[in-house]
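Trainee: Let me give you the structure first, and then I'll get to my questions.
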Amino acid sequence: MMCSVGCRVGIYLAAVGEAGRGVHPVAYFDAVFLVSVVMGIFFIFRRGEADFRRSTKFLLAGLLFFMGIYAFCMGMEWSGITKSLETVEDLVGALVPMWWAFVFYGFMHEISDHDILAGEAKYRSLVSNIPDVIWTADEHGRITFVSSNVESVYLFSAEDICSKGVDFLLERVHPGEYEAVKDAFGAMFSDDIPLDIEYRTKRKDGEWIWLHLRSLGAYSRGGVKYADGVFSDITERKRSLEDLERIFNLSGYMVCVADMKGYFQKISPTFEDVLGYSSKELLSRPYIDFVHPSDRAKTVTLVEDQLSSGIDAIGFENRYRCKDGRYKWLHWSSHPVIEEGIIFAIAHDITDRKVVEEEIRAANRQLAASEQELRESRHLLGATINNSPAVIYVKDLEGRYLLVNKSYEKMLGRSSEEMLGQSDEAFFPKEVAAQFRANDLLALESDSSMEFEEMALHASGKMHTYMSTKFALHNKDGAAYAICGISVDITQRKRVEDAVERIVWQGASSLGQEFLDGMARQLCGVLGADFSLIGETVGDGHNRIKTRSVCFEGEIQENFEYDLAGTPCGDVFGQKPCSYPKDVCRKFPEDELLREMGIEGYVGAPLFGSKGEAIGIMAALFRDEIENVEFAESILELFAGRTVGEIIRMDAEAAVKERLAFETLIAGLSGKFVNLPSDLVDKEIKEGIRQIVEFLGVDRGGILEFSEDQTELHTTHVYAAAGIEPVPTVDVADRFPWLTDQLRRGETICLFRPEDLPEEAESERQFIREEGYKAFLMTPLKVGGSIIGALTVGVLEGERSWSDETILRLELVGGIFGNALMRMRTENALRDSEERYRAVVEDQTELICRNLPDSTLTFVNDAYCRYFGKGREDLIGKKFVPAIPDEDRQKVVDCFSQLNRENPVATHEHRVIMPDGEIRWHQWTNRAIFDEDGNIFEFQGVGRDITERKRLEDKERRHHEQLVHFSRLTVAGELASGMAHELNQPLTAITTYAQACQRLIDSGRFDSAKLREASGEIAAQAMRGGEIIRRMRTFVRKQNPQRVSIDFNEIVREAIGLVRMQAKSIGVTLHIKLCKKPLTVFADKIQIQQVLVNLFQNGFDAMSEVATCDRALTIRTSRTSEDTVEIAVEDKGVGLPKDESNKIFESFFTTKSDGLGIGLSMSRSIIEEHGGHIWAEPNVESGAVFKVSLPLGKK
Amino acid sequence: MIYENEIIMLVLGLGVLVLALSNRDHLKRVPLFKVLFTGFCILIVSWIVTVLEDLFPEDTLGNSSLNFLEHLCYAASGLLVALWCWLVFRGVKEGE
């Protein structure tokens, strides 16, 4: 082809050359152009140095070819050879720029491919040179790529792994990590969670290696999820770490790595073993937190100094807190690595060493302290032995004294120098010494201490009793080498025990006075006293003693009384035990009894009651000086304690007996007054006063009573003991104002002597003195909070104290008397009241009765008996219902049953069948009587005979009905012309239809259909006429009023029907506006229609003077309230008469020339009978409005 | 007289020029692209001159001179393309 092109170009050039001189100059340029492109094609295919693709070369060659064709065509034209190539030139000329575009596109495509190839080569090189294995897998478990170095890890080729997929690699994962790897791989695809996990896997040769698998997560490509990642062999690193960890963990030391912030980064398990914390707890808190507070500053300073000075290693000790709260001593060696910001440290527990050191120091201190204690103990023992009141001694095995204390020296009256080395024979009688020796030997033979009661002569010359505790002393070999004895003087204790025994014996063997006598006797015996007494205080001032028992030289003496003043008993009474060992007569010169009896010593103890009050004394008197005063006082206190108990018991016993007697008295009085008739009350009260006077042992008693208005106070009951004059009856309120005032205020007046009265009670004092009262007690009689009088008692001889109990008892009796008096007063008042009410009831002309709910009569008054002509006994207990006719009976029963607390009274009327069979009318007003629970238990009725009134009412009603009927007839008369006109219409129609029938029959055209139609019309019109007549007949018919439930609109419509023709005839337009809802009323239809027709006709009459075109009557019904229906009849007439509009409803008042004046009055009467109202008011424009309202309801 | 084919040729040529300029970052990587692109640009000039030539009546100086210039540009363009082919396929690199 090249040759061919070259030939053609050559021909052309030859032609140009041959053309010579006739060639256009531009043809030469075309020739150059042609030659150039031919050369270009030559270079393209001749030289192959350029790294262009074959397609690009052909594109370039194509461009040059078309440019050559173009040049050739232009050359042929401009050389003048031919112009026939012009079309080719144009075509090729358009191809040239397009081909340039192809060439540029080819270049760009080739450059892009070159770039991709270069990039691919680069990444391939990168992948090949990365030590980690790069992989790509999809969600279906296919491995789409794995770098070739995978073979160095798994020993499987990349092709093998790609062909076997992810499952193959998962199967080789160590079972311990299999689930974790599988889950992580799945989560990477399902949840886009990056993969980063270390695990063991088995290589092709069966060896386990550690791999670190990583991926940034999955991505989608072509609807499939892929993930790229790497894994690397970390077996060597793992092994190194395991070795390091093993060393770290197996080290017996506490090895740790800490950071510069003061936290442990890693700790060996020994930390947990030693301190008890978990590694998590230790790593989560600064390590200084675990250091003992006292060691923290030192530890921080040491670590900071080491870090600042750069010292490689330091050692120190501090205490660490264990989890159980204890502290352990640790010795630390720390090595900071400042460049890495960490500190290596090793610690070991030195607590045991520290404890041992501390124990040694403590033992040394304790040894020194023990030596000191021993010295002090020796000194203390010596002081204790010598200062002990007990006799202490030590004898050797032969009975010679080795040690005696000061008490022993005092007991024998010898010094220790005299006693040491001597045996008991040197100091005690032979028998006593032998007994001591025998006891010593018994103690020696025994392993434990033994007690012996021993008696010995005291230095004072008296025999003392000792309780000796003896025991053997042993040397370090356990052999006894001495006997130690400790003897305590129990002489006094023995005597106390003796006294207690006597007291117990006396208490067990006797009671009451015998006990007291026995105690007085025993007191003398125990204390060796010559005289003993037990006394009890008497009198209000507690200044005298009355003896309860007196013993003199073992004999019980007669009791006596004496004043406490000037006696040693005065110092004892109410205070504390008191003793005068000697010279008691000289100390109390006023006490003649002491002097007469020759008493030298005195010891006494007070007696106190159960509430701590002083009640008496107990004393022992001696003719000689008292030797042991303390002992005597303690013995006396023992006796006094027991004696008080018996006295209290005796007093309580007496009080119980007295109370029993009083309560018996009270019970008797109460029982007597419970059902006592009022006329016997006075007598029994007087008897009661007598009993009280005798019980209290007083001289006089009486009762004062206030009058009803409390202004007067009189003596009503008095009693005086035998031989005593009764107190005179006086007007107390006038004469003794102070006393009366005290009583009104409810005060109890308690006098021990007349002088106790206040100054303002002068008249009372004078009276008491005149009457000879020594003591006086007055308590108010209180009944239900009010004071009706007073109960008084008085004493004429001697002093008398009024105890609280006496006052209380008198108040109780007063209460009984007061209640009895009040009951008597009430009964009297009740009786008077009953008399009054009886007179009121019995004198009534009304019938009064009471009956039970079943109509049984429980009370009837005289009028009732007279009315029925029966005795009370014939009526009481009988039922009254049978006397009521059957038709009224249910009404009466209903009337009673509707009574309740809210509506206790009701009135009803009914007929009664008299005993002679006559029927009479009664009106009864009944009241229900309720019990405390609110239930009706009885009815009270007041009745009267209303037969005459009923008869008059009936007569009046009949007159009224006649009047109503008359009025209706009057209205009907006025309706007659309208009705006639109305009747005329159906009659005319009937006539017409009848004539038509006749004509049909006469014509011989017997059309049965037309005849049937005409006859049907005749029947219908006849019915219509009949209906008009029936309506009128119903309206005018005289009949008894009969109320029924009916729609008010229906009544109105029928009433309108009655006047419609009349209205038409006089040119009145009816405007009817009825309520669309039914308005049910309970009414007599005819009477209401009568009212309405009357109102309509009044409206027509009122408009007779008005122009025909203006005559209009508006009838409007409506519901004006929940329970009221109203009809308004509005006319356009002359309106209501001025100043007389209120008279239009009066009878016989009329404004019409021919009116009777009964229409509206009758209407009002009818409407009011139906419970409604009728009234008139001016119309807004002209005329009047008559309104009627009726109650809604079915009955 | 303006010839339609010349206008089409010019429009296509300018379009290719725009294409080449917009992808010049890529095309710069073609060896000795400046030489080749210069040849293309001279060819564009020749087409512009061809169109301008038609604005002058025939046998006028303007027409003749522009026609002369047109063919001169053809020849120069062809020479530069041939030169580029010679240099590139001979293995000469940029800057040599």
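Quick note on naming: the chains in the structure tokens go A, B, ... in the order shown, residues restart at 1 in each chain, and ligands are numbered from 1 in order of appearance.
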Taking 3 positions as the minimum chain separation for residues in the same chain, which residues sit within 10 Å of Arg437 in chain A when counting only C-alpha atoms? Answer as a list in words.
Mentor: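 Here the answer would be Glu398, Gly399, Ser423, Asp424, Glu425, Glu431, Val432, Ala433, Ala434, Asp440, Leu441, Leu442 and Ala443 of chain A.
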Trainee: So which residues touch Phe37 in chain B within 10 Å, counting only C-alpha atoms, skipping near sequence neighbours fewer than 2 positions away, as a VMD selection string?
Mentor: (chain A and resid 104) or (chain B and resid 17 20 to 21 24 27 to 28 32 to 35 39 to 43 77 80 to 81 84)
Trainee: Given only C-alpha atoms, how would the per-residue table for chain A near chain B read, listing every residue at most 9 Å away with its closest atom pair and distance in Å to one decimal, sorted by chain and number, as a Markdown table?
Mentor:
```
| residue | atom | partner | partner_atom | distance |
| --- | --- | --- | --- | --- |
| A:Pro25 | CA | B:Phe68 | CA | 8.0 |
| A:Val26 | CA | B:His71 | CA | 5.9 |
| A:Ala27 | CA | B:His71 | CA | 8.0 |
| A:Tyr28 | CA | B:His71 | CA | 8.7 |
| A:Phe29 | CA | B:Ala75 | CA | 5.3 |
| A:Asp30 | CA | B:Ala75 | CA | 6.2 |
| A:Ala31 | CA | B:Ala75 | CA | 7.8 |
| A:Val32 | CA | B:Ala75 | CA | 5.6 |
| A:Phe33 | CA | B:Ala75 | CA | 4.1 |
| A:Leu34 | CA | B:Gly78 | CA | 7.4 |
| A:Val35 | CA | B:Gly78 | CA | 8.2 |
| A:Ser36 | CA | B:Leu79 | CA | 5.1 |
| A:Val37 | CA | B:Gly78 | CA | 5.7 |
| A:Val38 | CA | B:Ala82 | CA | 8.0 |
| A:Met39 | CA | B:Ala82 | CA | 6.1 |
| A:Gly40 | CA | B:Ala82 | CA | 4.2 |
| A:Ile41 | CA | B:Cys85 | CA | 7.8 |
| A:Phe42 | CA | B:Trp86 | CA | 8.7 |
| A:Phe43 | CA | B:Trp86 | CA | 5.4 |
| A:Ile44 | CA | B:Cys85 | CA | 6.1 |
| A:Phe45 | CA | B:Phe89 | CA | 8.5 |
| A:Arg46 | CA | B:Phe89 | CA | 8.2 |
| A:Arg47 | CA | B:Phe89 | CA | 5.2 |
| A:Gly48 | CA | B:Phe89 | CA | 5.9 |
| A:Glu49 | CA | B:Gly91 | CA | 5.0 |
| A:Ala50 | CA | B:Phe89 | CA | 4.8 |
| A:Asp51 | CA | B:Phe89 | CA | 8.5 |
| A:Leu60 | CA | B:Cys85 | CA | 8.9 |
| A:Leu64 | CA | B:Val81 | CA | 8.3 |
| A:Met67 | CA | B:Gly78 | CA | 8.0 |
| A:Gly68 | CA | B:Gly78 | CA | 8.7 |
| A:Ala71 | CA | B:Tyr74 | CA | 8.0 |
| A:Asp90 | CA | B:Asn5 | CA | 5.9 |
| A:Leu91 | CA | B:Asn5 | CA | 8.0 |
| A:Gly93 | CA | B:Met9 | CA | 6.3 |
| A:Ala94 | CA | B:Met9 | CA | 5.0 |
| A:Leu95 | CA | B:Met9 | CA | 8.2 |
| A:Val96 | CA | B:Met9 | CA | 8.0 |
| A:Pro97 | CA | B:Gly13 | CA | 4.8 |
| A:Met98 | CA | B:Leu12 | CA | 6.7 |
| A:Trp100 | CA | B:Val16 | CA | 7.0 |
| A:Ala101 | CA | B:Val16 | CA | 5.4 |
| A:Phe104 | CA | B:Ala20 | CA | 6.8 |
| A:Tyr105 | CA | B:Ala20 | CA | 8.8 |
| A:Phe107 | CA | B:Leu27 | CA | 6.8 |
| A:Met108 | CA | B:His26 | CA | 6.1 |
| A:Ile111 | CA | B:His26 | CA | 7.0 |
| A:Ser112 | CA | B:His26 | CA | 8.2 |
```
Trainee: Need to verify the contact set: range 802-804 of chain A, 12 Å, only C-alpha atoms, exclusion of same-chain residues closer than 6 positions in sequence. Can you return it as a list in words?
Mentor: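 Residues near the query, excluding close chain neighbours: Gly539, Asp540, Leu696, Gly697, Val698, Thr748, Ile749, Cys750, Leu751, Phe752, Arg753, Lys774, Ala775, Phe776, Leu777, Met778, Thr779, Val793, Gly794, Val795, Leu810 and Glu811 of chain A.
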Trainee: What's around Lys225 in chain A at 9 Å? Count only C-alpha atoms, leave out sequence neighbours fewer than 2 positions away in its own chain, and write the answer as JSON, numbers by chain.
Mentor: {"A": [137, 138, 139, 140, 189, 218, 219, 220, 221, 222, 223, 227]}
Trainee: So that I have them on file, write out the residues from the current selection with N, CA and C atoms, as a PDB file, in the first residue's frame.
Mentor:
```
ATOM      1  N   ALA A 137     -12.220 -10.747  51.367  1.00  0.00           N
ATOM      2  CA  ALA A 137     -13.231 -11.810  51.432  1.00  0.00           C
ATOM      3  C   ALA A 137     -14.601 -11.179  51.280  1.00  0.00           C
ATOM      4  N   ASP A 138     -15.563 -11.988  50.858  1.00  0.00           N
ATOM      5  CA  ASP A 138     -16.923 -11.465  50.766  1.00  0.00           C
ATOM      6  C   ASP A 138     -17.789 -12.122  51.829  1.00  0.00           C
ATOM      7  N   GLU A 139     -19.034 -11.642  51.876  1.00  0.00           N
ATOM      8  CA  GLU A 139     -19.922 -12.096  52.949  1.00  0.00           C
ATOM      9  C   GLU A 139     -20.315 -13.559  52.801  1.00  0.00           C
ATOM     10  N   HIS A 140     -20.063 -14.126  51.621  1.00  0.00           N
ATOM     11  CA  HIS A 140     -20.403 -15.531  51.417  1.00  0.00           C
ATOM     12  C   HIS A 140     -19.259 -16.457  51.801  1.00  0.00           C
ATOM     13  N   PHE A 189     -19.344  -8.308  58.869  1.00  0.00           N
ATOM     14  CA  PHE A 189     -20.231  -8.210  57.701  1.00  0.00           C
ATOM     15  C   PHE A 189     -21.635  -7.757  58.092  1.00  0.00           C
ATOM     16  N   ALA A 218     -16.635  -3.883  56.581  1.00  0.00           N
ATOM     17  CA  ALA A 218     -17.130  -4.344  55.288  1.00  0.00           C
ATOM     18  C   ALA A 218     -17.586  -3.169  54.439  1.00  0.00           C
ATOM     19  N   TYR A 219     -17.622  -3.385  53.139  1.00  0.00           N
ATOM     20  CA  TYR A 219     -18.153  -2.386  52.211  1.00  0.00           C
ATOM     21  C   TYR A 219     -18.911  -3.138  51.124  1.00  0.00           C
ATOM     22  N   SER A 220     -19.825  -2.432  50.462  1.00  0.00           N
ATOM     23  CA  SER A 220     -20.647  -3.076  49.440  1.00  0.00           C
ATOM     24  C   SER A 220     -20.109  -2.759  48.063  1.00  0.00           C
ATOM     25  N   ARG A 221     -20.154  -3.761  47.220  1.00  0.00           N
ATOM     26  CA  ARG A 221     -19.750  -3.552  45.827  1.00  0.00           C
ATOM     27  C   ARG A 221     -20.574  -4.529  45.003  1.00  0.00           C
ATOM     28  N   GLY A 222     -21.356  -3.940  44.116  1.00  0.00           N
ATOM     29  CA  GLY A 222     -22.196  -4.776  43.257  1.00  0.00           C
ATOM     30  C   GLY A 222     -23.197  -5.592  44.047  1.00  0.00           C
ATOM     31  N   GLY A 223     -23.680  -5.048  45.161  1.00  0.00           N
ATOM     32  CA  GLY A 223     -24.703  -5.764  45.951  1.00  0.00           C
ATOM     33  C   GLY A 223     -24.125  -6.821  46.864  1.00  0.00           C
ATOM     34  N   ALA A 227     -14.836  -7.348  52.449  1.00  0.00           N
ATOM     35  CA  ALA A 227     -14.012  -6.786  53.518  1.00  0.00           C
ATOM     36  C   ALA A 227     -12.568  -7.022  53.151  1.00  0.00           C
TER      37      ALA A 227
END
```
Trainee: Quick one: residues within 10 Å of Asp324 in chain A, only C-alpha atoms counted, chain neighbours fewer than 5 positions away excluded, as a PyMOL selection string?
Mentor: chain A and resi 275-277
Trainee: Would you put the residues from that selection into a file with N, CA, C and O atoms, as an mmCIF file, in the first residue's frame?
Mentor:
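Contents of selection08.cif, as written:
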```cif
data_model
loop_
_atom_site.group_PDB
_atom_site.id
_atom_site.type_symbol
_atom_site.label_atom_id
_atom_site.label_comp_id
_atom_site.auth_asym_id
_atom_site.auth_seq_id
_atom_site.Cartn_x
_atom_site.Cartn_y
_atom_site.Cartn_z
ATOM 1 N N LEU A 275 -2.175 -8.476 99.524
ATOM 2 C CA LEU A 275 -3.062 -7.393 99.997
ATOM 3 C C LEU A 275 -4.541 -7.775 100.001
ATOM 4 O O LEU A 275 -5.344 -7.137 100.681
ATOM 5 N N GLY A 276 -4.895 -8.777 99.244
ATOM 6 C CA GLY A 276 -6.303 -9.219 99.277
ATOM 7 C C GLY A 276 -7.194 -8.514 98.289
ATOM 8 O O GLY A 276 -8.343 -8.881 98.120
ATOM 9 N N TYR A 277 -6.702 -7.448 97.645
ATOM 10 C CA TYR A 277 -7.517 -6.750 96.647
ATOM 11 C C TYR A 277 -7.447 -7.495 95.330
ATOM 12 O O TYR A 277 -6.476 -8.222 95.062
#
```
Trainee: If we count only C-alpha atoms, what is near Thr858 in chain A at a cut-off of 8 Å, once residues fewer than 4 positions away on the same chain are taken out, given as a list in words?
Mentor: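 After dropping sequence-adjacent residues, the list is Cys849, Arg850, Asn851, Leu852, Ile876 and Gly877 of chain A.
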Trainee: Selection from above, N, CA and C atoms, as a PDB file, in the first residue's frame, can you write it?
Mentor:
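part.pdb, written as the output of this step:
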```pdb
ATOM      1  N   CYS A 849    -106.563  10.367 118.770  1.00  0.00           N
ATOM      2  CA  CYS A 849    -106.257   8.960 119.030  1.00  0.00           C
ATOM      3  C   CYS A 849    -104.791   8.695 118.741  1.00  0.00           C
ATOM      4  N   ARG A 850    -104.359   7.559 119.232  1.00  0.00           N
ATOM      5  CA  ARG A 850    -103.010   7.067 118.914  1.00  0.00           C
ATOM      6  C   ARG A 850    -103.172   5.628 118.466  1.00  0.00           C
ATOM      7  N   ASN A 851    -102.389   5.290 117.455  1.00  0.00           N
ATOM      8  CA  ASN A 851    -102.513   3.921 116.975  1.00  0.00           C
ATOM      9  C   ASN A 851    -101.153   3.394 116.542  1.00  0.00           C
ATOM     10  N   LEU A 852    -101.056   2.081 116.584  1.00  0.00           N
ATOM     11  CA  LEU A 852     -99.845   1.414 116.133  1.00  0.00           C
ATOM     12  C   LEU A 852     -99.841   1.398 114.605  1.00  0.00           C
ATOM     13  N   ILE A 876    -109.814   0.759 122.635  1.00  0.00           N
ATOM     14  CA  ILE A 876    -108.381   0.498 122.810  1.00  0.00           C
ATOM     15  C   ILE A 876    -108.112  -0.965 122.468  1.00  0.00           C
ATOM     16  N   GLY A 877    -107.079  -1.178 121.685  1.00  0.00           N
ATOM     17  CA  GLY A 877    -106.704  -2.540 121.296  1.00  0.00           C
ATOM     18  C   GLY A 877    -107.403  -3.015 120.035  1.00  0.00           C
TER      19      GLY A 877
END
```
Trainee: Which parts of range 825-985 of chain A does DSSP call helix (DSSP H, G or I) when run on the backbone here, written out as a PyMOL selection string?
Mentor: chain A and resi 825-842+862-868+872-875+881-883+886-897+947-985
Trainee: When you draw a straight line from CA of Thr50 in chain B to CA of His24 in chain A, how long is it in Å?
Mentor: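 These atoms are spaced 16.7 Å apart.
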Trainee: To one decimal place in Å, what is the distance between CA of Ile483 in chain A and CA of Arg414 in chain A?
Mentor: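 One can read the CA of Ile483 in chain A to CA of Arg414 in chain A distance as 20.8 Å.
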Trainee: For a test of reading the model, state the distance in Å between CA of Arg690 in chain A and CA of Ala721 in chain A, rounded to one decimal.
Mentor: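 Value for the CA of Arg690 in chain A-CA of Ala721 in chain A distance: 7.9 Å.
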Trainee: Taking the chain letters and numbering used in this document, name the residues of range 294-534 of chain A that DSSP puts in strand (DSSP E or B), as a PyMOL selection string.
Mentor: chain A and resi 314-321+327-337+342-349+391-396+401-404+450-457+463-474+480-489+531-534
